Amino acid sequence: HVCSAHPVDDGRVFQRACKAGAESGFEVHLIGVATKSHPAGQSKFVYGVHVHALPAIASSLKRMRRRNDVARMAADLRPDIWQVHEPELLKPCLSF
């Protein structure tokens, strides 16, 4: 699961999608925005989900500028399946 705007503890993303995937036996990684309980730059394993927290960015323009970094971080995980939660991340940024 790849997010550039949603916090890593978002109810819809983490609680419903990520935890459900982990409970079904999938290896699940979530890349999302840091929170107090999940500081930026740290990876944690929570309820069967590998959580990778990004620094919070208030400006949508700055979030767009970091989409290459987010895409590269996700690609380094070499996932079989991707779920992208913000449509702006789908605009061309890297060739894989």
# chains A, B, ... in the order shown; residues from 1 in each chain; ligands from 1
call {"tool": "residues_around", "arguments": {"residues": "Ala22 in chain A", "least_positions_apart": "6", "cutoff": "7 Å", "atoms": "only C-alpha atoms", "output": "number ranges by chain"}}
result
A: 28, 48-49
call {"tool": "write_last_selection", "arguments": {"atoms": "C-alpha atoms", "output": "PDB file, in the first residue's frame"}}
result
ATOM      1  CA  VAL A  28       1.922  -6.420   3.642  1.00  0.00           C
ATOM      2  CA  GLY A  48       1.476  -8.164  10.833  1.00  0.00           C
ATOM      3  CA  VAL A  49       2.054  -5.062   8.681  1.00  0.00           C
TER       4      VAL A  49
END
call {"tool": "residues_around", "arguments": {"residues": "range 79-89 of chain A", "least_positions_apart": "6", "cutoff": "6 Å", "atoms": "only C-alpha atoms", "output": "number ranges by chain"}}
result
A: 1-3
call {"tool": "closest_residue", "arguments": {"among": "A:Pro39, A:Arg72, A:Tyr47, A:Ser60", "to": "Arg16 in chain A", "atoms": "only C-alpha atoms"}}
result
A:Tyr47
call {"tool": "atom_distance", "arguments": {"atom1": "CA of Arg67 in chain A", "atom2": "CA of Gly11 in chain A"}}
result
22.6 Å
call {"tool": "residues_around", "arguments": {"residues": "Pro55 in chain A", "least_positions_apart": "2", "cutoff": "9 Å", "atoms": "only C-alpha atoms", "output": "list in words"}}
result
Gly32, Val33, Ala34, Thr35, Pro39, Ala40, Gly41, Ala53 and Ile57 of chain A
call {"tool": "write_last_selection", "arguments": {"atoms": "C-alpha atoms", "output": "compact mmCIF listing (two decimals), in the first residue's frame"}}
result
# COMPACT_ATOMS: atom_id res chain seq x y z
CA GLY A 32 2.46 6.41 4.50
CA VAL A 33 2.82 9.66 6.40
CA ALA A 34 4.39 9.58 9.87
CA THR A 35 2.36 10.05 13.05
CA PRO A 39 7.89 8.63 13.51
CA ALA A 40 9.32 9.38 10.08
CA GLY A 41 12.26 7.33 8.94
CA ALA A 53 6.69 6.23 7.72
CA ILE A 57 4.35 17.39 4.13
call {"tool": "atom_distance", "arguments": {"atom1": "CA of Ser37 in chain A", "atom2": "CA of Arg78 in chain A"}}
result
26.2 Å
call {"tool": "closest_residue", "arguments": {"among": "A:Ala71, A:Leu54, A:Leu30, A:Met64", "to": "Ala17 in chain A", "atoms": "only C-alpha atoms"}}
result
A:Leu30
call {"tool": "select_by_dssp", "arguments": {"residues": "chain A", "states": "alpha helix (DSSP H)", "output": "ChimeraX atom specification"}}
result
/A:19-23,60-65,67-76
call {"tool": "closest_residue", "arguments": {"among": "A:Ser4, A:Gln42, A:Ser24, A:Ser59", "to": "Ala74 in chain A", "atoms": "only C-alpha atoms"}}
result
A:Ser4
call {"tool": "select_by_dssp", "arguments": {"residues": "range 17-79 of chain A", "states": "strand (DSSP E or B)", "output": "NGL selection string"}}
result
:A and (28-33 or 43-46 or 49-54)
call {"tool": "closest_residue", "arguments": {"among": "A:Val51, A:Ile31, A:Val46, A:His38", "to": "Asp69 in chain A", "atoms": "only C-alpha atoms"}}
result
A:Ile31
